[in-house]
Structures are given as structure tokens and as C-alpha cells.
Amino acid sequence: MSDRSTRRPTPPDLQADLLRAGYLAGRLSVREVVDGVYDRIAARGDDGVWITLVPRAEAMRRATELDVLLASARLGHAGPDGLGPEPGTTAGTGPSLPPLFGLPFAVKDNIDVAGLPTTAGCPDFSRLPAGTAPAVARLLAAGAVCVGKTNLDQFATGLSGTRSPYGIPASPFDPYMIAGGSSSGSGVAVADGLVTFAVGTDTAGSGRVPAALTNTVGLKPSRGLVSTRGVVPACRSLDCPSVFALSVPDAYRVLSVMSGYDEEDPYSRRFPGLGSPAPGGAPRTGAPRAEVPRAEVPEPVRPRIGVPRADQLDFLGDAGAAAVFGVGVGLLADGGAEVTEIDLGPFLEAGTLLYGGPWLAERYAAVEAFLQTVPDAGPADPVHPVIRAVLEPGAGITGAEVFRGLTRLRALRRSAERTWVDVDMVVVPTVPTTYRIDAMLADPIRLNANLGRYTTFANLLDLAAVAVPVGFAAGLPFGVTLLAPAGGDELLAAPAELLHRCSGLPVGAGSHSLLLPAATDVAAEILA
């Protein structure tokens, strides 16, 4: 059933520039787009993608408000809401829209949205937040339309997408295959044309693994670039809100709005070149220019990209996944990159510390109070049995073990830093292989760990990353991830966009082509 021709009808094309052009030209209304989103969600039934939807009537009211603003802007009568004439033009000659105007989006259900419960994939943990997470508030202020909260591996602990009491979102390309996790619902919602973009989180790879397995782009920012306030922590010192999108420019457009220093978030960081937020912490809602950090050195004309030694590449016997990675490296070289072999050893060893080291104690600490109120109750236990098995050993980690782990990580970081003398970025497979749902359920911890071979080290080593689709093997998508030191988010954008364009793949689970001219224009604007 992995033959794309046998699947349900192709999803609509929700690429940001296509919708934006339709709104500006009067060919589309926000009501029409949002109404279509809810129709498609209803037609799919219980697909495991959603935990809570914004009530349809509420979303339609929001769409109507945006349509009124659009009409006003086109007449040159926009008010202070961000809709008005383009800078340097007179009223009525060039309506300006906020960067995310009318784009439907979803939010992973470990992130607060006012009016909707936050469950973190556990009904008994559910709470109604007092407000909206700042990262999401920025998206709403930039004109986006929230559709609902998506499913996830419980407490954002997992890379498989099979650890939720709310169901299992399956691969858009084969209903027997996993979609990846923990941001499973977010990846599927974008791939299947239910939203233009989705917000996930990424601690160990949760924003990249689902991207690889749904043929979408997964953008994991530098730690601290996007506020984690209002996010149920998985591993507080490593958590990152992330973006799923159909294209690299779409993902960076969203990041441009989400990013910004948050003085109330102790893990928020300032990066060189990152503009400070507008007064009161409100996002800027003018032209879609990214506030992503600039690398400390100018972007090289010919990027130097490190590729792991052949003996460090393990695809667990998946020849198709290995072939796709080879194609990705070839496309980067053909695009002008200088490809250099590197030692991935320190990176891989650092990745083992996340679940095999003291950071498991931090994961346990994030939900300790809840776990202690609900001791293992057998079949009635509200905590998924695999989640409990993964987290509870964290309670026994000693302070001495924590400091030994911190010292070992410091040494591995120093070893990994030597890599950046010779290369500007590193390319790795996003996943080594994929699995059937039944196989993952039968061997949930070992197979889940396999999925994270090339992802778990990124936040421990303080790296920015973007996962990009490259090709298909046996009817299933695979891709590569580009990584750079923290603050190098912008450095990754152009090579990632070029790679995606050169892959020739349709976007998501549909047959629609990547918007080449528009995407190129947006990328140029972002990188300007």
C-alpha cells in the first residue's frame, strides 16, 4: 500500500506563497481556505492526527476578521493591525499583509494555546492554560489561523509516534508504517494538506524524524532562539520549539516570526544579528523578513559541508535509505558545495548520553510530580507503559552521575568543535531507516533508539538543524539533515533550499511541485 497512486486523492496545495498570492489577487478568501481545512479534517475521521480542534465556528470568525482586514487593506484603509500600504507606496497601491496572513497552522499539544487544553499526550495530565505560549502568540499576531492541537508521543518522549493514548498517526504514504515522533501529528498535518505549517518541539529529533518520514521540511532552531515558555518540558535545558513546513522558505518565514529573545524564559538566548523584539515583546508584523541569527562569519560562496566517514554511516541494512543519502550528498556537491569527510564519532557518542546518561534525570524531573501522584496502576495507568519504563530510571540517577555526564559532554563538545575548523556545516541522514507500526509496538525502545542515531546529539552539542526531503525508497520518503553550530540557522537556509529544489520532489504527500520562483524570492528576502 505504499504506492502513491493507490492513496486517497492528493491534498490541496497550501504553500504559503500560493495562498498569499491568491489572497492578494482576490482569488481566495481566508474563509474559503479555513472552511476547506475543516472539511478535509472531518472527511478523514479519527486519523490520530488531532487531540483538540479549535471549534470550527471560532476559526471561521477569525477567518472572517482577516478577510475584512484584507478588503480594507486593498482599499488602502487598513488600521494599526499590520495591514496597510507597502512602505513607500500610497494608500490603495499595494496592500501589505502580515507575513503569515491567512495561513492555517497546527500546534503540538505540549504547547499552550489559550482556550484549548494542553494534554502532552496524557488525558490525566491535561490542564487549561491561562494564556498562549509566546511563540504561538507571535504566529497569531502575524496573521496565522490556528486550527488545533496535534497528537504526540506522550510527554514528547519518543521518536516513533506510537506512544499516545489518542491514537497513532500513520505515514501518509503507507498506513502500516510509522510517521515518526514525537511530533507525529504535526508532521502528518502538514504533509496531508491539513495546514500550511505546524509547530512541534525537538529535544532528541522530534522535529526532524517526522519530517523525514512525511516528506516535509523540519526546522530545529538553535536552542534559545525561540521561547520555550508555555511548553511542557521534556528535557528543559535541551527543548526547542520547531517548525514543519512544505518548503524551506516557508519554514524560515515561520521561524522569522517565532524567534526573539524572551526575558521571562531562563533558557532564551540572544544571537549575533538577531533583532530585539518590538516593544512589549510583540512580534513585528511587516514584511516577512527573518529575525534569524546570522553566523559570525560571512556565508561562504562555496559552502564546505562535512560528510561522515563511510564506516560511521549505519542504515541498519536499509539499502534504500542509504541510496537516498548518497543522492543528497551528490546534489549538494553538484550544487557547488565542497564536500569533506569528517569524523562523526564525538557526535554519535554525545547522542548516547541523552537516554543513557544524566539527562534522563532531567526528563524525569519534568514530570516527576505527576508521576508520583499516579503510581503504576496496571491497565488503568494514565502513563503509557513505555513512557513509564523510559522515565522512571531517571529517579535513581545520582548527583555524581550528573556531574560525570556533564564533564563527558564538555569533552565531546570540545572534540566536535574541531570539526568546524574544516567545514561550515555537516550533513547526515535524518533517519537510518523506518519501521512498520506493528514492529515498533513489539520492540518499542530498541527501534525507537535506532531512529535517533543521527538526531539525538544535536541539542546536546548546541547545533542548529534543518531536515530536508531528498527522495523515496520502496515508496517511502527519506531525507538528510544539515547541521551547524548554534547561531548558524541562517547559514543552513540557502543550501537546504537548493537541495530541496534540486531533489525535484513534490511537496508533502501530494503531487504539487515546489513553488520555484516564489520560493526563491522568499529565500532571497529571508537571507537579505
# chains A, B, ... in the order shown; residues from 1 in each chain; ligands from 1

call {"tool": "residues_around", "arguments": {"residues": "stretch 358-375 of chain A", "least_positions_apart": "3", "cutoff": "7 Å", "atoms": "only C-alpha atoms", "output": "list of chain:residue names"}}
result
A:Pro233, A:Ala234, A:Cys235, A:Leu354, A:Tyr355, A:Leu391, A:Glu392, A:Gly394, A:Ala395, A:Ile397, A:Glu401, A:Val402, A:Gly405

call {"tool": "closest_residue", "arguments": {"among": "A:Val428, A:Leu19, A:Leu246, A:Leu515", "to": "A:Gly326", "atoms": "only C-alpha atoms"}}
result
A:Val428

call {"tool": "atom_distance", "arguments": {"atom1": "atom CA of A:Gly161", "atom2": "atom CA of A:His384"}}
result
12.5 Å

call {"tool": "closest_residue", "arguments": {"among": "A:Val30, A:Val54, A:Ala144, A:Leu255", "to": "A:Cys240", "atoms": "only C-alpha atoms"}}
result
A:Leu255

call {"tool": "closest_residue", "arguments": {"among": "A:Leu70, A:Asp39, A:Ala484, A:Asn151", "to": "A:Gly26", "atoms": "only C-alpha atoms"}}
result
A:Leu70

call {"tool": "select_by_dssp", "arguments": {"residues": "stretch 49-297 of chain A", "states": "alpha helix (DSSP H)", "output": "JSON, numbers by chain"}}
result
{"A": [56, 57, 58, 59, 60, 61, 62, 63, 64, 65, 66, 67, 68, 69, 70, 71, 72, 73, 74, 134, 135, 136, 137, 138, 139, 140, 141, 184, 185, 186, 187, 188, 189, 190, 191, 209, 210, 211, 212, 213, 214, 248, 249, 250, 251, 252, 253, 254, 255, 256, 257, 258]}

call {"tool": "closest_residue", "arguments": {"among": "A:Pro429, A:Gly158, A:Gly185, A:Pro55", "to": "A:Val386", "atoms": "only C-alpha atoms"}}
result
A:Gly158

call {"tool": "residues_around", "arguments": {"residues": "A:Arg446", "least_positions_apart": "4", "cutoff": "12 Å", "atoms": "only C-alpha atoms", "output": "PyMOL selection string"}}
result
chain A and resi 158-160+355+386+390+435+439-442+450-453

call {"tool": "atom_distance", "arguments": {"atom1": "atom CA of A:Gly320", "atom2": "atom CA of A:Ala473"}}
result
4.9 Å

call {"tool": "residues_around", "arguments": {"residues": "stretch 460-468 of chain A", "least_positions_apart": "6", "cutoff": "6 Å", "atoms": "only C-alpha atoms", "output": "short mmCIF file (atom, residue, chain, number, x, y, z; two decimals) with all heavy atoms, in the first residue's frame"}}
result
data_model
loop_
_atom_site.label_atom_id
_atom_site.label_comp_id
_atom_site.auth_asym_id
_atom_site.auth_seq_id
_atom_site.Cartn_x
_atom_site.Cartn_y
_atom_site.Cartn_z
N ARG A 208 12.56 16.53 13.51
CA ARG A 208 13.26 16.11 12.29
C ARG A 208 12.86 14.72 11.82
O ARG A 208 12.65 14.50 10.63
CB ARG A 208 14.77 16.17 12.54
CG ARG A 208 15.33 17.59 12.67
CD ARG A 208 16.69 17.61 13.36
NE ARG A 208 16.57 17.44 14.79
CZ ARG A 208 17.53 16.99 15.59
NH1 ARG A 208 18.68 16.61 15.07
NH2 ARG A 208 17.34 16.90 16.90
N VAL A 217 9.64 19.51 5.47
CA VAL A 217 10.83 20.17 6.00
C VAL A 217 10.67 20.31 7.50
O VAL A 217 9.61 20.73 7.99
CB VAL A 217 11.03 21.55 5.34
CG1 VAL A 217 12.14 22.34 6.03
CG2 VAL A 217 11.33 21.39 3.85
N GLY A 218 11.73 19.97 8.25
CA GLY A 218 11.71 20.12 9.70
C GLY A 218 12.83 21.03 10.15
O GLY A 218 14.00 20.68 10.01
N LEU A 219 12.48 22.18 10.67
CA LEU A 219 13.46 23.19 11.07
C LEU A 219 13.60 23.21 12.58
O LEU A 219 12.65 23.55 13.30
CB LEU A 219 13.03 24.56 10.54
CG LEU A 219 13.91 25.77 10.88
CD1 LEU A 219 15.35 25.56 10.43
CD2 LEU A 219 13.33 27.03 10.23
N LYS A 220 14.79 22.81 13.08
CA LYS A 220 15.07 22.85 14.52
C LYS A 220 16.00 24.03 14.78
O LYS A 220 17.17 23.99 14.44
CB LYS A 220 15.74 21.56 15.00
CG LYS A 220 15.89 21.50 16.52
CD LYS A 220 17.09 20.71 16.98
CE LYS A 220 18.38 21.45 16.83
NZ LYS A 220 18.50 22.65 17.74
N PRO A 221 15.50 25.08 15.38
CA PRO A 221 16.34 26.26 15.61
C PRO A 221 17.43 26.00 16.64
O PRO A 221 17.43 25.00 17.36
CB PRO A 221 15.34 27.30 16.13
CG PRO A 221 13.99 26.74 15.89
CD PRO A 221 14.15 25.27 15.88
N SER A 222 18.35 26.93 16.72
CA SER A 222 19.30 26.93 17.82
C SER A 222 18.56 26.99 19.15
O SER A 222 17.52 27.67 19.27
CB SER A 222 20.23 28.15 17.73
OG SER A 222 20.95 28.16 16.53
N ARG A 413 32.01 17.93 23.34
CA ARG A 413 31.79 19.20 22.64
C ARG A 413 33.11 19.77 22.13
O ARG A 413 33.18 20.26 21.01
CB ARG A 413 31.13 20.21 23.57
CG ARG A 413 29.63 20.04 23.73
CD ARG A 413 29.05 21.15 24.61
NE ARG A 413 27.61 21.06 24.72
CZ ARG A 413 26.87 21.83 25.52
NH1 ARG A 413 27.48 22.75 26.28
NH2 ARG A 413 25.56 21.69 25.57
N GLY A 479 15.30 11.63 3.86
CA GLY A 479 15.96 12.91 3.60
C GLY A 479 17.25 13.01 4.36
O GLY A 479 17.74 12.03 4.95
N VAL A 480 17.80 14.20 4.38
CA VAL A 480 19.04 14.47 5.08
C VAL A 480 18.83 15.65 6.01
O VAL A 480 17.86 16.41 5.88
CB VAL A 480 20.20 14.77 4.11
CG1 VAL A 480 20.36 13.65 3.09
CG2 VAL A 480 20.01 16.12 3.41
N THR A 481 19.75 15.79 6.95
CA THR A 481 19.73 16.93 7.87
C THR A 481 21.04 17.69 7.76
O THR A 481 22.12 17.09 7.78
CB THR A 481 19.52 16.47 9.32
OG1 THR A 481 18.21 15.90 9.44
CG2 THR A 481 19.63 17.64 10.28
N LEU A 482 20.94 19.00 7.62
CA LEU A 482 22.10 19.89 7.66
C LEU A 482 22.20 20.47 9.06
O LEU A 482 21.21 20.92 9.63
CB LEU A 482 21.95 21.00 6.63
CG LEU A 482 21.94 20.59 5.16
CD1 LEU A 482 21.59 21.76 4.27
CD2 LEU A 482 23.30 20.01 4.76
N LEU A 483 23.43 20.47 9.61
CA LEU A 483 23.67 20.94 10.97
C LEU A 483 24.78 21.96 10.98
O LEU A 483 25.74 21.85 10.21
CB LEU A 483 24.07 19.77 11.87
CG LEU A 483 23.07 18.63 12.01
CD1 LEU A 483 23.76 17.30 11.75
CD2 LEU A 483 22.44 18.62 13.40
N ALA A 484 24.66 22.95 11.86
CA ALA A 484 25.70 23.97 12.05
C ALA A 484 25.71 24.37 13.51
O ALA A 484 24.73 24.14 14.24
CB ALA A 484 25.43 25.19 11.16
N PRO A 485 26.79 24.98 13.99
CA PRO A 485 26.83 25.43 15.39
C PRO A 485 25.71 26.42 15.68
O PRO A 485 25.18 27.09 14.78
CB PRO A 485 28.20 26.10 15.51
CG PRO A 485 29.02 25.48 14.44
CD PRO A 485 28.08 25.22 13.30
N ALA A 486 25.32 26.50 16.94
CA ALA A 486 24.26 27.42 17.35
C ALA A 486 24.52 28.81 16.80
O ALA A 486 25.64 29.31 16.83
CB ALA A 486 24.18 27.47 18.87
N ASP A 489 21.68 29.16 12.06
CA ASP A 489 20.41 28.85 11.42
C ASP A 489 20.32 29.42 10.01
O ASP A 489 19.90 28.74 9.06
CB ASP A 489 19.25 29.40 12.25
CG ASP A 489 19.28 28.94 13.70
OD1 ASP A 489 20.19 29.38 14.44
OD2 ASP A 489 18.41 28.15 14.09
#

call {"tool": "atom_distance", "arguments": {"atom1": "atom CA of A:Val248", "atom2": "atom CA of A:Asn215"}}
result
12.0 Å

call {"tool": "residues_around", "arguments": {"residues": "A:Leu499", "least_positions_apart": "2", "cutoff": "12 Å", "atoms": "only C-alpha atoms", "output": "MDAnalysis selection string"}}
result
chainID A and resid 217 247:248 325 327:337 427 466:471 479:482 492:497 501:505 514

call {"tool": "residues_around", "arguments": {"residues": "A:Met177", "least_positions_apart": "3", "cutoff": "8 Å", "atoms": "only C-alpha atoms", "output": "ChimeraX atom specification"}}
result
/A:170-171,174,434-437

call {"tool": "write_last_selection", "arguments": {"atoms": "C-alpha atoms", "output": "mmCIF file, in the first residue's frame"}}
result
data_model
loop_
_atom_site.group_PDB
_atom_site.id
_atom_site.type_symbol
_atom_site.label_atom_id
_atom_site.label_comp_id
_atom_site.auth_asym_id
_atom_site.auth_seq_id
_atom_site.Cartn_x
_atom_site.Cartn_y
_atom_site.Cartn_z
ATOM 1 C CA ALA A 170 0.339 6.679 10.304
ATOM 2 C CA SER A 171 2.661 7.509 7.448
ATOM 3 C CA ASP A 174 1.613 3.695 3.877
ATOM 4 C CA THR A 434 11.898 3.332 9.162
ATOM 5 C CA TYR A 435 9.574 0.713 10.635
ATOM 6 C CA ARG A 436 6.135 -0.797 10.445
ATOM 7 C CA ILE A 437 3.819 0.227 13.260
#

call {"tool": "closest_residue", "arguments": {"among": "A:Gly115, A:Gly200, A:Pro210, A:Pro308", "to": "A:Pro477", "atoms": "only C-alpha atoms"}}
result
A:Pro210
